[in-house]
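K.L.:
Quick one: structure below, then a few questions.
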Amino acid sequence: MTSDLYRFAAPQAFFPVAGKLIPWFATLAGLLAAAGLYVAFFVAPTDATQGEAYRIIFIHVPAAWMSMFLYVVMACWAGVGLALNTRLSGMMASAIAPTGALFTFIALWSGALWGRPTWGTYWVWDARLTSELVLLFLYFGFIALKGAIPDPVRSDRAGAILALVGVVNVPIIYFSVQWWNTLHQGSSINLTRAPSMAATMLLGMLLMALAAWMYSIATTLARLRAIILERERDAEWVRLQRSAA
Amino acid sequence: MAGFPTILRRELRLALRRKGDVLNVLVFFVVVASLFPLGVGAEPNQLRAMAAGVTWIAALLAAVLSLPRLFAADHADGTLEQMMVSPQPLAVVVLAKIAAHWLLTGLPLALAAPLIGLQYDLPIDALGVLLASLLIGTPVLSLLGAAGAALTLGVRGGGALLGLLVLPLFVPVLVFGAGAVTSSLIGINPSPHLSLLGAFLAVSSLIGPWAACAALRVALD
């Protein structure tokens, strides 16, 4: 069974599978996002202290979750590629990076828009905001390094080393920033206050998180197909596919 | 490990033949740190508050500026390839180069830092903490920086890219290093910060050389 699955480590074998999977994940993402947004706007109650502005949480929190999760997934694929020398793993890591960077950016941007009505400022040097910003820089570094090395094999391996060093550092950066925050900033803005969240709010957030997850898989697979085609453009099977199309 | 002192001596001798390269980094460090008061004003309380951060950021920038030299010359003339095919483990070569880099940049920066602290009107005990934080923290810059230098070896636009890669990884050094000085200024014991800086040094000494070796193998494949 497992040896059958290994077959899909070949880009040629995975290419059609990815093509078949994309519509499923895209549809799931659409349905979950529709359900999540419905819950977010029509079912979840208005927050007692923040009014309607809190509803941006339904974008903000799933985006922040995905941004961190995708970095770990990317580093895992990079590590697999480095250890087992599988070409597809490196391509997978490259395909995940832009989506991860996008979610990091969305988390920062929505955080800024949320911060304005609630804290009265677009940006505070809060530990979570700051480490999210550093995470964005790590994504940029990964993408820039891969873009600067033209040879695909070298680019994948160098990117993998960077991603692995990054993934070891992410928790350290997070805790260092958190501690820096407690030293430099009084508790004028207390972000950790967690009023018991209404069950419907949690439901909406979970639906949106699942939607973001499905969206990430769909876009990653689509990007992966493009990368496979680009790298294998001289391979026989790609030429056959091109002449068939 | 027999090769370690040999390579270290070679690196130091090569660097001391061209003293300018070593001095330039040090001068850059002092110039950057001296520009801040011109930009933000010379109000003593403000200067004291930002002294540690400015010194540390100047040290990070100076380190990034000096890092491309770590492998570039040996890569250009083929020495690095010879070192890789020699029976010496690559890790020994990398560790010796990292040690030489620290002796030539990190150590001078740390020794010059109290001077900048004086410019910023730091009290004597804070100067000591600043020196200690740089002595513990600058090896991290050489260790993690070596990985960045190896990753960008022979890559176009290497300098700016190197900064983009390693500066985010230096965040904990900046936080704990500057934090130690700041806490000593406000009368808190700085030793927890210094201990954490030491812990980060221990972690970096594991991952930095490993990543640098792996990256060198990729670059010279």
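Labels for the structure tokens follow display order: chains A, B, ..., residues from 1 in each chain, ligands from 1.
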Could you give me, as a PDB file with N, CA and C atoms, in the first residue's frame, the residues within 12 Å of Ala202 (chain B), counting only C-alpha atoms and dropping anything in the same chain fewer than 3 positions from it?

P.N.:
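And here is the file that came out, selection_0.pdb:
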```
ATOM      1  N   ILE B 136      28.933  37.730  24.440  1.00  0.00           N
ATOM      2  CA  ILE B 136      28.160  36.481  24.326  1.00  0.00           C
ATOM      3  C   ILE B 136      27.406  36.439  22.999  1.00  0.00           C
ATOM      4  N   GLY B 137      26.918  37.596  22.549  1.00  0.00           N
ATOM      5  CA  GLY B 137      25.998  37.622  21.412  1.00  0.00           C
ATOM      6  C   GLY B 137      26.662  37.618  20.045  1.00  0.00           C
ATOM      7  N   PRO B 139      29.233  35.981  18.821  1.00  0.00           N
ATOM      8  CA  PRO B 139      29.483  34.674  18.194  1.00  0.00           C
ATOM      9  C   PRO B 139      28.260  34.118  17.479  1.00  0.00           C
ATOM     10  N   VAL B 140      27.050  34.445  18.006  1.00  0.00           N
ATOM     11  CA  VAL B 140      25.835  33.983  17.324  1.00  0.00           C
ATOM     12  C   VAL B 140      25.777  34.568  15.922  1.00  0.00           C
ATOM     13  N   LEU B 143      27.995  32.561  13.790  1.00  0.00           N
ATOM     14  CA  LEU B 143      27.536  31.179  13.593  1.00  0.00           C
ATOM     15  C   LEU B 143      26.365  31.112  12.623  1.00  0.00           C
ATOM     16  N   LEU B 144      25.302  31.906  12.914  1.00  0.00           N
ATOM     17  CA  LEU B 144      24.139  31.884  12.028  1.00  0.00           C
ATOM     18  C   LEU B 144      24.471  32.584  10.712  1.00  0.00           C
ATOM     19  N   SER B 195      21.864  35.018  30.349  1.00  0.00           N
ATOM     20  CA  SER B 195      21.773  33.554  30.316  1.00  0.00           C
ATOM     21  C   SER B 195      21.023  33.098  29.075  1.00  0.00           C
ATOM     22  N   LEU B 196      19.914  33.807  28.762  1.00  0.00           N
ATOM     23  CA  LEU B 196      19.154  33.425  27.571  1.00  0.00           C
ATOM     24  C   LEU B 196      19.979  33.645  26.310  1.00  0.00           C
ATOM     25  N   LEU B 197      20.768  34.712  26.327  1.00  0.00           N
ATOM     26  CA  LEU B 197      21.648  34.957  25.188  1.00  0.00           C
ATOM     27  C   LEU B 197      22.637  33.798  25.043  1.00  0.00           C
ATOM     28  N   GLY B 198      23.153  33.332  26.186  1.00  0.00           N
ATOM     29  CA  GLY B 198      24.058  32.179  26.169  1.00  0.00           C
ATOM     30  C   GLY B 198      23.361  30.927  25.660  1.00  0.00           C
ATOM     31  N   ALA B 199      22.086  30.762  26.064  1.00  0.00           N
ATOM     32  CA  ALA B 199      21.341  29.603  25.593  1.00  0.00           C
ATOM     33  C   ALA B 199      21.164  29.665  24.080  1.00  0.00           C
ATOM     34  N   SER B 205      25.194  27.363  17.954  1.00  0.00           N
ATOM     35  CA  SER B 205      26.433  26.641  17.650  1.00  0.00           C
ATOM     36  C   SER B 205      26.115  25.231  17.165  1.00  0.00           C
ATOM     37  N   LEU B 206      24.878  24.773  17.404  1.00  0.00           N
ATOM     38  CA  LEU B 206      24.481  23.493  16.825  1.00  0.00           C
ATOM     39  C   LEU B 206      23.997  23.671  15.395  1.00  0.00           C
ATOM     40  N   ILE B 207      23.056  24.624  15.189  1.00  0.00           N
ATOM     41  CA  ILE B 207      22.422  24.691  13.868  1.00  0.00           C
ATOM     42  C   ILE B 207      23.250  25.492  12.869  1.00  0.00           C
ATOM     43  N   GLY B 208      23.997  26.511  13.335  1.00  0.00           N
ATOM     44  CA  GLY B 208      24.747  27.345  12.392  1.00  0.00           C
ATOM     45  C   GLY B 208      25.759  26.552  11.569  1.00  0.00           C
ATOM     46  N   PRO B 209      26.718  25.875  12.217  1.00  0.00           N
ATOM     47  CA  PRO B 209      27.709  25.135  11.433  1.00  0.00           C
ATOM     48  C   PRO B 209      27.085  24.023  10.592  1.00  0.00           C
TER      49      PRO B 209
END
```

K.L.:
With a cut-off of 10 Å and counting only C-alpha atoms, select all residues of chain B in contact with chain A and give the selection as a ChimeraX atom specification.

P.N.:
/B:144,147-148,150-152,154-158,161-176,178-179,182-183,193,196-197,200,203-204,207-208,210-212,214-221

K.L.:
Using DSSP secondary structure from the backbone, list all alpha helix (DSSP H) positions within region 93-124 of chain B, as a list of chain:residue names.

P.N.:
B:Val93, B:Val94, B:Leu95, B:Ala96, B:Lys97, B:Ile98, B:Ala99, B:Ala100, B:His101, B:Leu107, B:Pro108, B:Leu109, B:Ala110, B:Leu111, B:Ala112, B:Ala113, B:Pro114, B:Leu115, B:Ile116, B:Gly117, B:Leu118, B:Gln119, B:Ile124

K.L.:
Can you write just those residues out, C-alpha atoms, as a compact mmCIF listing (two decimals), in the first residue's frame?

P.N.:
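This went into result.txt:
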```txt
# COMPACT_ATOMS: atom_id res chain seq x y z
CA VAL B 93 36.90 23.99 8.27
CA VAL B 94 33.63 25.83 8.82
CA LEU B 95 34.13 26.09 12.59
CA ALA B 96 37.66 27.46 12.11
CA LYS B 97 36.37 30.04 9.64
CA ILE B 98 33.57 31.02 12.00
CA ALA B 99 36.05 31.37 14.87
CA ALA B 100 38.32 33.52 12.71
CA HIS B 101 35.38 35.66 11.63
CA LEU B 107 35.53 40.68 19.22
CA PRO B 108 36.68 44.13 17.97
CA LEU B 109 33.03 45.26 17.83
CA ALA B 110 32.46 44.11 21.40
CA LEU B 111 35.61 45.87 22.61
CA ALA B 112 34.64 49.10 20.83
CA ALA B 113 31.08 49.02 22.13
CA PRO B 114 31.81 50.58 25.58
CA LEU B 115 33.21 53.58 23.73
CA ILE B 116 29.87 54.04 21.98
CA GLY B 117 28.17 53.50 25.32
CA LEU B 118 30.17 56.45 26.69
CA GLN B 119 29.00 58.59 23.77
CA ILE B 124 29.69 52.32 34.17
```

K.L.:
Excluding Ala13 (chain A) and any residue of its chain fewer than 4 positions from it, enumerate the residues within 12 Å of it, using only C-alpha atoms, and give them as JSON, numbers by chain.

P.N.:
{"A": [4, 5, 6, 7, 8, 9, 17, 18, 19, 88, 225, 228, 237, 238]}

K.L.:
Using only C-alpha atoms for the distances, tell me which of A:Leu224, A:Leu129, A:Leu240, A:Leu32 is nearest to Phe15 (chain A).

P.N.:
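Going through A:Leu224, A:Leu129, A:Leu240, A:Leu32 one by one, the smallest distance to Phe15 (chain A) is for A:Leu224.
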
K.L.:
Residues of region 77-158 of chain B that approach region 43-60 of chain B to 6 Å or less, counting only C-alpha atoms: could you list each one with the shortest pair of atoms and its distance in Å to one decimal, rows by chain and increasing residue number, as a Markdown table?

P.N.:
```
| residue | atom | partner | partner_atom | distance |
| --- | --- | --- | --- | --- |
| B:Tyr120 | CA | B:Leu47 | CA | 5.4 |
| B:Asp121 | CA | B:Arg48 | CA | 6.0 |
| B:Leu122 | CA | B:Arg48 | CA | 5.8 |
```

K.L.:
What gap, in Å, lies between CA of Val22 (chain B) and CA of Arg9 (chain B)?

P.N.:
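A separation of 15.5 Å between them.
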
K.L.:
List as a list in words the protein and nucleic acid residues near Ala63 (chain B), meaning an atom at most 9 Å away when only C-alpha atoms are counted, but skip any in the same chain fewer than 4 places from it.

P.N.:
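Counting only the stated atoms, we get Val25, Phe29, Ala58, Ala59, Leu67, Thr105, Gly106, Thr138, Leu141, Ser142 and Gly145 of chain B.
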
K.L.:
Using CA of Gly187 (chain B) and CA of Leu131 (chain B) as the two end points, give the distance in Å to one decimal.

P.N.:
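Interatomic distance, CA of Gly187 (chain B) to CA of Leu131 (chain B): 17.3 Å.
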
K.L.:
A:Thr219, A:Thr49, A:Thr130, A:Ser243: which is nearest Gly111 (chain A), counting only C-alpha atoms?

P.N.:
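Ranked by minimum distance to Gly111 (chain A), first place goes to A:Thr130.
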
K.L.:
B:Leu26, B:Leu153, B:Val32, B:Pro123: which is nearest Leu185 (chain B), counting only C-alpha atoms?

P.N.:
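Residue with the minimum atom-to-atom distance to Leu185 (chain B): B:Pro123.
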
K.L.:
Using only C-alpha atoms, find the one residue out of B:Ala91, B:Leu104, B:Leu130, B:Ile186 that sits nearest to Arg18 (chain B).

P.N.:
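Nearest to Arg18 (chain B): B:Leu104.
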